[in-house]
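Colleague: Contents of target-v4.txt (compact mmCIF, N, CA and C atoms):
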# COMPACT_ATOMS: atom_id res chain seq x y z
N MET A 1 83.97 95.10 77.36
CA MET A 1 82.98 95.99 77.91
C MET A 1 83.27 97.41 77.45
N PRO A 2 82.27 98.16 77.09
CA PRO A 2 82.50 99.55 76.66
C PRO A 2 82.86 100.43 77.86
N MET A 3 83.84 101.30 77.65
CA MET A 3 84.25 102.22 78.72
C MET A 3 84.08 103.65 78.23
N SER A 4 83.60 104.49 79.11
CA SER A 4 83.43 105.90 78.78
C SER A 4 84.75 106.64 78.99
N GLU A 5 84.79 107.87 78.53
CA GLU A 5 85.97 108.71 78.72
C GLU A 5 86.21 108.94 80.22
N LYS A 6 85.13 109.08 80.99
CA LYS A 6 85.27 109.27 82.45
C LYS A 6 85.87 108.02 83.11
N ASP A 7 85.49 106.83 82.62
CA ASP A 7 86.09 105.59 83.13
C ASP A 7 87.59 105.59 82.88
N ARG A 8 87.98 105.99 81.68
CA ARG A 8 89.40 106.04 81.34
C ARG A 8 90.15 107.06 82.22
N GLU A 9 89.52 108.22 82.44
CA GLU A 9 90.13 109.23 83.30
C GLU A 9 90.27 108.70 84.73
N LEU A 10 89.24 108.00 85.20
CA LEU A 10 89.27 107.41 86.54
C LEU A 10 90.42 106.42 86.66
N ILE A 11 90.56 105.56 85.68
CA ILE A 11 91.66 104.57 85.69
C ILE A 11 93.01 105.28 85.65
N SER A 12 93.11 106.33 84.86
CA SER A 12 94.36 107.09 84.78
C SER A 12 94.71 107.71 86.13
N LEU A 13 93.73 108.31 86.80
CA LEU A 13 93.97 108.90 88.12
C LEU A 13 94.42 107.84 89.12
N LEU A 14 93.76 106.69 89.10
CA LEU A 14 94.13 105.61 90.02
C LEU A 14 95.50 105.05 89.69
N SER A 15 95.88 105.06 88.41
CA SER A 15 97.21 104.58 88.02
C SER A 15 98.29 105.50 88.59
N GLU A 16 97.99 106.79 88.68
CA GLU A 16 98.94 107.74 89.24
C GLU A 16 99.00 107.64 90.76
N ASN A 17 97.83 107.43 91.39
CA ASN A 17 97.78 107.35 92.85
C ASN A 17 96.54 106.55 93.26
N ALA A 18 96.73 105.28 93.54
CA ALA A 18 95.62 104.39 93.88
C ALA A 18 95.02 104.68 95.25
N ARG A 19 95.65 105.56 96.02
CA ARG A 19 95.15 105.88 97.36
C ARG A 19 94.26 107.11 97.37
N LEU A 20 93.98 107.70 96.22
CA LEU A 20 93.09 108.86 96.20
C LEU A 20 91.73 108.45 96.74
N SER A 21 91.16 109.31 97.57
CA SER A 21 89.84 109.02 98.12
C SER A 21 88.78 109.15 97.03
N THR A 22 87.64 108.55 97.29
CA THR A 22 86.52 108.65 96.34
C THR A 22 86.12 110.11 96.19
N ALA A 23 86.13 110.86 97.29
CA ALA A 23 85.76 112.28 97.23
C ALA A 23 86.75 113.05 96.35
N MET A 24 88.05 112.77 96.49
CA MET A 24 89.06 113.47 95.67
C MET A 24 88.91 113.09 94.20
N LEU A 25 88.69 111.80 93.93
CA LEU A 25 88.46 111.37 92.55
C LEU A 25 87.25 112.08 91.96
N ALA A 26 86.19 112.19 92.75
CA ALA A 26 84.97 112.86 92.29
C ALA A 26 85.25 114.31 91.92
N ARG A 27 86.03 115.01 92.77
CA ARG A 27 86.37 116.42 92.47
C ARG A 27 87.17 116.52 91.18
N LYS A 28 88.16 115.65 91.04
CA LYS A 28 89.01 115.71 89.84
C LYS A 28 88.24 115.37 88.57
N LEU A 29 87.23 114.50 88.69
CA LEU A 29 86.45 114.07 87.52
C LEU A 29 85.20 114.92 87.31
N ASN A 30 84.93 115.81 88.27
CA ASN A 30 83.72 116.64 88.21
C ASN A 30 82.46 115.77 88.19
N LEU A 31 82.46 114.76 89.06
CA LEU A 31 81.33 113.85 89.22
C LEU A 31 80.98 113.78 90.70
N SER A 32 79.82 113.22 91.01
CA SER A 32 79.45 113.03 92.42
C SER A 32 80.24 111.86 92.99
N ARG A 33 80.39 111.86 94.32
CA ARG A 33 81.10 110.78 94.99
C ARG A 33 80.40 109.45 94.78
N THR A 34 79.07 109.44 94.81
CA THR A 34 78.33 108.19 94.62
C THR A 34 78.49 107.67 93.19
N THR A 35 78.57 108.58 92.22
CA THR A 35 78.78 108.16 90.83
C THR A 35 80.16 107.52 90.68
N VAL A 36 81.17 108.13 91.28
CA VAL A 36 82.53 107.57 91.21
C VAL A 36 82.56 106.22 91.90
N GLN A 37 81.92 106.10 93.08
CA GLN A 37 81.89 104.82 93.80
C GLN A 37 81.22 103.75 92.95
N ALA A 38 80.13 104.10 92.29
CA ALA A 38 79.42 103.14 91.43
C ALA A 38 80.30 102.71 90.25
N ARG A 39 81.03 103.67 89.67
CA ARG A 39 81.93 103.34 88.56
C ARG A 39 83.05 102.40 89.03
N LEU A 40 83.62 102.69 90.19
CA LEU A 40 84.68 101.84 90.73
C LEU A 40 84.16 100.42 90.96
N GLU A 41 82.99 100.31 91.57
CA GLU A 41 82.41 98.99 91.82
C GLU A 41 82.15 98.24 90.53
N ARG A 42 81.66 98.94 89.50
CA ARG A 42 81.39 98.29 88.21
C ARG A 42 82.70 97.85 87.55
N LEU A 43 83.72 98.71 87.58
CA LEU A 43 85.01 98.36 86.98
C LEU A 43 85.65 97.18 87.70
N GLU A 44 85.49 97.10 89.01
CA GLU A 44 86.01 95.97 89.77
C GLU A 44 85.20 94.70 89.47
N ARG A 45 83.88 94.83 89.48
CA ARG A 45 82.99 93.68 89.22
C ARG A 45 83.22 93.11 87.83
N ASP A 46 83.44 94.00 86.85
CA ASP A 46 83.64 93.57 85.47
C ASP A 46 85.07 93.09 85.20
N GLY A 47 85.93 93.17 86.21
CA GLY A 47 87.29 92.67 86.05
C GLY A 47 88.24 93.64 85.37
N VAL A 48 87.82 94.88 85.16
CA VAL A 48 88.72 95.87 84.57
C VAL A 48 89.79 96.25 85.60
N ILE A 49 89.34 96.52 86.83
CA ILE A 49 90.26 96.78 87.93
C ILE A 49 90.32 95.51 88.76
N THR A 50 91.51 94.93 88.86
CA THR A 50 91.64 93.67 89.60
C THR A 50 92.43 93.85 90.89
N GLY A 51 92.94 95.06 91.14
CA GLY A 51 93.67 95.29 92.38
C GLY A 51 94.32 96.66 92.35
N TYR A 52 94.91 97.00 93.46
CA TYR A 52 95.57 98.28 93.62
C TYR A 52 96.99 98.02 94.08
N GLY A 53 97.93 98.83 93.65
CA GLY A 53 99.33 98.52 93.90
C GLY A 53 100.09 99.60 94.62
N VAL A 54 101.37 99.33 94.78
CA VAL A 54 102.29 100.22 95.46
C VAL A 54 103.31 100.72 94.44
N ARG A 55 103.60 102.00 94.50
CA ARG A 55 104.69 102.56 93.70
C ARG A 55 105.85 102.85 94.64
N LEU A 56 107.01 102.34 94.29
CA LEU A 56 108.18 102.52 95.14
C LEU A 56 108.87 103.84 94.81
N SER A 57 109.48 104.44 95.82
CA SER A 57 110.16 105.72 95.62
C SER A 57 111.38 105.54 94.72
N ASP A 58 111.78 106.63 94.09
CA ASP A 58 112.98 106.61 93.26
C ASP A 58 114.20 106.24 94.09
N GLU A 59 114.26 106.75 95.31
CA GLU A 59 115.40 106.46 96.19
C GLU A 59 115.50 104.96 96.48
N PHE A 60 114.37 104.34 96.79
CA PHE A 60 114.38 102.91 97.06
C PHE A 60 114.77 102.13 95.81
N GLN A 61 114.21 102.53 94.67
CA GLN A 61 114.49 101.80 93.43
C GLN A 61 115.93 101.93 92.99
N ARG A 62 116.61 102.99 93.40
CA ARG A 62 118.03 103.13 93.05
C ARG A 62 118.86 101.99 93.64
N GLY A 63 118.36 101.37 94.70
CA GLY A 63 119.07 100.25 95.32
C GLY A 63 118.72 98.91 94.71
N ILE A 64 117.89 98.91 93.69
CA ILE A 64 117.46 97.67 93.04
C ILE A 64 118.03 97.63 91.63
N VAL A 65 118.56 96.47 91.25
CA VAL A 65 119.04 96.26 89.88
C VAL A 65 117.93 95.52 89.15
N ARG A 66 117.49 96.07 88.02
CA ARG A 66 116.44 95.43 87.23
C ARG A 66 116.95 95.14 85.83
N ALA A 67 116.40 94.10 85.24
CA ALA A 67 116.82 93.72 83.89
C ALA A 67 115.66 93.11 83.14
N HIS A 68 115.72 93.26 81.83
CA HIS A 68 114.85 92.50 80.92
C HIS A 68 115.65 91.28 80.50
N VAL A 69 115.08 90.12 80.75
CA VAL A 69 115.74 88.88 80.35
C VAL A 69 114.92 88.28 79.22
N MET A 70 115.48 88.33 78.00
CA MET A 70 114.82 87.76 76.83
C MET A 70 115.12 86.27 76.80
N ILE A 71 114.08 85.48 76.58
CA ILE A 71 114.20 84.03 76.70
C ILE A 71 113.73 83.35 75.43
N THR A 72 114.57 82.46 74.91
CA THR A 72 114.20 81.60 73.78
C THR A 72 113.90 80.22 74.35
N LEU A 73 112.75 79.66 73.97
CA LEU A 73 112.31 78.36 74.48
C LEU A 73 112.47 77.27 73.44
N ALA A 74 112.59 76.06 73.94
CA ALA A 74 112.50 74.88 73.08
C ALA A 74 111.06 74.77 72.61
N PRO A 75 110.82 74.10 71.47
CA PRO A 75 109.44 73.95 71.00
C PRO A 75 108.56 73.30 72.08
N LYS A 76 107.37 73.81 72.23
CA LYS A 76 106.35 73.29 73.15
C LYS A 76 106.77 73.30 74.62
N ALA A 77 107.68 74.19 75.00
CA ALA A 77 108.17 74.23 76.38
C ALA A 77 107.47 75.27 77.24
N LEU A 78 106.64 76.12 76.65
CA LEU A 78 106.03 77.23 77.38
C LEU A 78 105.26 76.76 78.61
N ALA A 79 104.46 75.73 78.48
CA ALA A 79 103.61 75.27 79.59
C ALA A 79 104.42 74.78 80.78
N ARG A 80 105.58 74.21 80.56
CA ARG A 80 106.37 73.72 81.69
C ARG A 80 107.36 74.76 82.20
N VAL A 81 107.73 75.74 81.37
CA VAL A 81 108.68 76.76 81.80
C VAL A 81 107.98 77.86 82.61
N THR A 82 106.79 78.24 82.22
CA THR A 82 106.09 79.35 82.87
C THR A 82 105.94 79.16 84.38
N PRO A 83 105.47 77.99 84.88
CA PRO A 83 105.36 77.85 86.33
C PRO A 83 106.71 77.93 87.06
N GLN A 84 107.76 77.48 86.40
CA GLN A 84 109.09 77.55 87.02
C GLN A 84 109.57 79.00 87.12
N LEU A 85 109.27 79.80 86.10
CA LEU A 85 109.61 81.22 86.15
C LEU A 85 108.75 81.93 87.19
N GLU A 86 107.50 81.55 87.29
CA GLU A 86 106.60 82.15 88.28
C GLU A 86 107.10 81.87 89.70
N ALA A 87 107.74 80.76 89.91
CA ALA A 87 108.26 80.39 91.24
C ALA A 87 109.47 81.22 91.65
N ILE A 88 110.09 81.91 90.72
CA ILE A 88 111.24 82.77 91.03
C ILE A 88 110.70 84.14 91.43
N ARG A 89 110.76 84.48 92.72
CA ARG A 89 110.17 85.73 93.22
C ARG A 89 110.75 86.96 92.54
N ALA A 90 111.98 86.89 92.08
CA ALA A 90 112.63 88.04 91.45
C ALA A 90 112.02 88.36 90.08
N VAL A 91 111.29 87.41 89.50
CA VAL A 91 110.62 87.66 88.22
C VAL A 91 109.30 88.37 88.52
N GLY A 92 109.28 89.67 88.23
CA GLY A 92 108.10 90.48 88.53
C GLY A 92 107.06 90.46 87.44
N GLN A 93 107.49 90.32 86.22
CA GLN A 93 106.58 90.27 85.07
C GLN A 93 107.15 89.28 84.07
N LEU A 94 106.25 88.65 83.33
CA LEU A 94 106.64 87.75 82.26
C LEU A 94 105.73 88.01 81.08
N HIS A 95 106.34 88.36 79.95
CA HIS A 95 105.59 88.71 78.74
C HIS A 95 105.88 87.71 77.64
N SER A 96 104.84 87.22 76.97
CA SER A 96 105.02 86.49 75.70
C SER A 96 105.17 87.54 74.62
N VAL A 97 106.14 87.35 73.75
CA VAL A 97 106.40 88.36 72.72
C VAL A 97 106.61 87.70 71.36
N SER A 98 106.49 88.50 70.33
CA SER A 98 106.81 88.02 68.98
C SER A 98 108.24 88.43 68.66
N GLY A 99 108.80 87.84 67.65
CA GLY A 99 110.15 88.21 67.25
C GLY A 99 111.15 87.12 67.55
N GLY A 100 112.37 87.51 67.82
CA GLY A 100 113.45 86.57 68.01
C GLY A 100 113.43 85.84 69.34
N PHE A 101 112.64 86.30 70.29
CA PHE A 101 112.54 85.65 71.60
C PHE A 101 111.09 85.25 71.83
N ASP A 102 110.89 84.32 72.76
CA ASP A 102 109.55 83.86 73.09
C ASP A 102 108.97 84.60 74.29
N LEU A 103 109.83 84.93 75.24
CA LEU A 103 109.40 85.56 76.49
C LEU A 103 110.35 86.69 76.86
N ILE A 104 109.82 87.66 77.61
CA ILE A 104 110.67 88.65 78.27
C ILE A 104 110.26 88.66 79.73
N ALA A 105 111.23 88.40 80.60
CA ALA A 105 111.01 88.46 82.04
C ALA A 105 111.62 89.76 82.56
N VAL A 106 110.89 90.46 83.41
CA VAL A 106 111.43 91.63 84.09
C VAL A 106 111.84 91.15 85.48
N VAL A 107 113.14 91.25 85.74
CA VAL A 107 113.74 90.68 86.95
C VAL A 107 114.31 91.79 87.81
N SER A 108 114.12 91.67 89.14
CA SER A 108 114.67 92.63 90.10
C SER A 108 115.57 91.90 91.08
N ALA A 109 116.68 92.55 91.45
CA ALA A 109 117.62 91.95 92.39
C ALA A 109 118.26 93.05 93.22
N GLY A 110 118.86 92.65 94.33
CA GLY A 110 119.52 93.61 95.21
C GLY A 110 120.92 94.00 94.77
N SER A 111 121.50 93.22 93.86
CA SER A 111 122.86 93.51 93.40
C SER A 111 123.08 92.86 92.04
N ILE A 112 124.16 93.25 91.39
CA ILE A 112 124.54 92.63 90.12
C ILE A 112 124.81 91.15 90.32
N GLN A 113 125.48 90.81 91.42
CA GLN A 113 125.80 89.41 91.69
C GLN A 113 124.52 88.58 91.85
N GLU A 114 123.54 89.12 92.57
CA GLU A 114 122.27 88.42 92.74
C GLU A 114 121.55 88.29 91.40
N LEU A 115 121.58 89.35 90.60
CA LEU A 115 120.97 89.31 89.28
C LEU A 115 121.61 88.23 88.42
N ASP A 116 122.92 88.13 88.48
CA ASP A 116 123.66 87.12 87.73
C ASP A 116 123.20 85.71 88.11
N LEU A 117 123.01 85.47 89.40
CA LEU A 117 122.55 84.15 89.86
C LEU A 117 121.13 83.85 89.38
N ILE A 118 120.28 84.87 89.38
CA ILE A 118 118.90 84.69 88.93
C ILE A 118 118.87 84.38 87.44
N ILE A 119 119.67 85.08 86.67
CA ILE A 119 119.72 84.83 85.22
C ILE A 119 120.25 83.42 84.95
N ASP A 120 121.24 83.00 85.72
CA ASP A 120 121.74 81.62 85.59
C ASP A 120 120.64 80.62 85.93
N ARG A 121 119.88 80.90 86.97
CA ARG A 121 118.78 80.01 87.37
C ARG A 121 117.73 79.91 86.26
N ILE A 122 117.43 81.03 85.61
CA ILE A 122 116.48 81.02 84.49
C ILE A 122 117.04 80.18 83.35
N GLY A 123 118.33 80.36 83.04
CA GLY A 123 118.96 79.61 81.96
C GLY A 123 119.03 78.12 82.22
N ASP A 124 119.00 77.72 83.50
CA ASP A 124 119.07 76.30 83.86
C ASP A 124 117.73 75.59 83.79
N ILE A 125 116.64 76.32 83.58
CA ILE A 125 115.32 75.70 83.51
C ILE A 125 115.23 74.84 82.26
N ASP A 126 114.77 73.61 82.43
CA ASP A 126 114.58 72.70 81.30
C ASP A 126 113.57 73.30 80.34
N GLY A 127 113.96 73.47 79.10
CA GLY A 127 113.11 74.08 78.09
C GLY A 127 113.55 75.47 77.69
N VAL A 128 114.43 76.09 78.49
CA VAL A 128 115.02 77.39 78.13
C VAL A 128 116.26 77.11 77.32
N GLU A 129 116.25 77.55 76.09
CA GLU A 129 117.40 77.31 75.21
C GLU A 129 118.46 78.40 75.32
N ARG A 130 118.00 79.66 75.50
CA ARG A 130 118.95 80.77 75.48
C ARG A 130 118.34 81.96 76.19
N THR A 131 119.17 82.77 76.82
CA THR A 131 118.72 84.04 77.40
C THR A 131 119.64 85.16 76.93
N GLN A 132 119.09 86.34 76.91
CA GLN A 132 119.88 87.55 76.64
C GLN A 132 119.33 88.62 77.55
N SER A 133 120.20 89.29 78.28
CA SER A 133 119.76 90.23 79.30
C SER A 133 120.17 91.65 78.98
N SER A 134 119.31 92.57 79.39
CA SER A 134 119.61 94.00 79.30
C SER A 134 119.28 94.62 80.64
N ILE A 135 120.28 95.19 81.30
CA ILE A 135 120.05 95.85 82.58
C ILE A 135 119.36 97.18 82.33
N ILE A 136 118.35 97.47 83.13
CA ILE A 136 117.61 98.72 83.01
C ILE A 136 118.42 99.81 83.74
N LEU A 137 118.85 100.80 83.00
CA LEU A 137 119.64 101.89 83.57
C LEU A 137 118.74 102.94 84.24
N SER A 138 117.66 103.28 83.57
CA SER A 138 116.70 104.23 84.14
C SER A 138 115.36 104.05 83.45
N THR A 139 114.33 104.54 84.10
CA THR A 139 112.99 104.50 83.53
C THR A 139 112.60 105.92 83.17
N ARG A 140 112.35 106.17 81.92
CA ARG A 140 112.04 107.52 81.44
C ARG A 140 110.56 107.87 81.58
N ILE A 141 109.69 106.88 81.39
CA ILE A 141 108.24 107.08 81.53
C ILE A 141 107.68 105.88 82.27
N ASP A 142 106.86 106.13 83.29
CA ASP A 142 106.24 105.05 84.06
C ASP A 142 104.82 105.51 84.40
N ARG A 143 103.86 104.98 83.69
CA ARG A 143 102.47 105.40 83.90
C ARG A 143 101.71 104.35 84.65
For this file, produce the structure as structure tokens.
Modeller:
Amino acid sequence: MPMSEKDRELISLLSENARLSTAMLARKLNLSRTTVQARLERLERDGVITGYGVRLSDEFQRGIVRAHVMITLAPKALARVTPQLEAIRAVGQLHSVSGGFDLIAVVSAGSIQELDLIIDRIGDIDGVERTQSSIILSTRIDR
């Protein structure tokens, strides 16, 4: 679907703060409130916006250990491995990628020990041949 520059600006504002009121969005976009409401409804109806989320504070996130877990799969194992990874609540995102790995899972845990157990659990899934993990030290840009 074609998107206007104002649609992109609207999405950008919502990405920064999904709780902005329609009136505030209208002021920031220099549009009427009804125009912004109509754009939001269209973007939701067309499936561009599928939900609104929560951003956690830096202080809270300091207590969370996160890692990228790169996963190499056995041939034709993607269909059976994906639901098992989805069942692990600590896996927040799963990306199919090109290159030396097949998947990258973004995993969150309360401690290094918990992270270690989660990575072991991922490695034990039938069809996972190998994992390699990188702990996220800090996030420099988060849009």
Colleague: Between A:Ile88, A:Val106, A:Gln37, A:Ala74, single out the one closest to Arg130 in chain A, counting only N, CA and C atoms.
Modeller: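 Checking each of A:Ile88, A:Val106, A:Gln37, A:Ala74 against Arg130 in chain A, counting only N, CA and C atoms, the winner is A:Ala74.
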Colleague: Enter the distance from atom C of Arg45 in chain A to atom C of Arg8 in chain A, in Å, rounded to one decimal.
Modeller: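 Atom C of Arg8 in chain A lies 16.6 Å from atom C of Arg45 in chain A.
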Colleague: Please list as number ranges by chain every residue within 7 Å of Ala23 in chain A, counting only C-alpha atoms and excluding residues in the same chain fewer than 3 positions away.
Modeller: A: 26-27, 33
Colleague: Create the file for the chosen residues now, containing N, CA and C atoms and written as a tab-separated table (two decimals), in the frame of the given file.
Modeller:
chain	number	residue	atom	x	y	z
A	26	ALA	N	86.19	112.19	92.75
A	26	ALA	CA	84.97	112.86	92.29
A	26	ALA	C	85.25	114.31	91.92
A	27	ARG	N	86.03	115.01	92.77
A	27	ARG	CA	86.37	116.42	92.47
A	27	ARG	C	87.17	116.52	91.18
A	33	ARG	N	80.39	111.86	94.32
A	33	ARG	CA	81.10	110.78	94.99
A	33	ARG	C	80.40	109.45	94.78
Colleague: Would you compute the distance between atom C of Gln113 in chain A and atom C of Leu78 in chain A? Give it in Å to one decimal.
Modeller: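 Taking atom C of Gln113 in chain A and atom C of Leu78 in chain A, their separation equals 26.2 Å.
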Colleague: Find, counting only C-alpha atoms, the residue in A:Leu117, A:Val36, A:Met24, A:Val65 that gets nearest to Ser134 in chain A.
Modeller: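 Ranking A:Leu117, A:Val36, A:Met24, A:Val65 by distance to Ser134 in chain A, first place goes to A:Val65.
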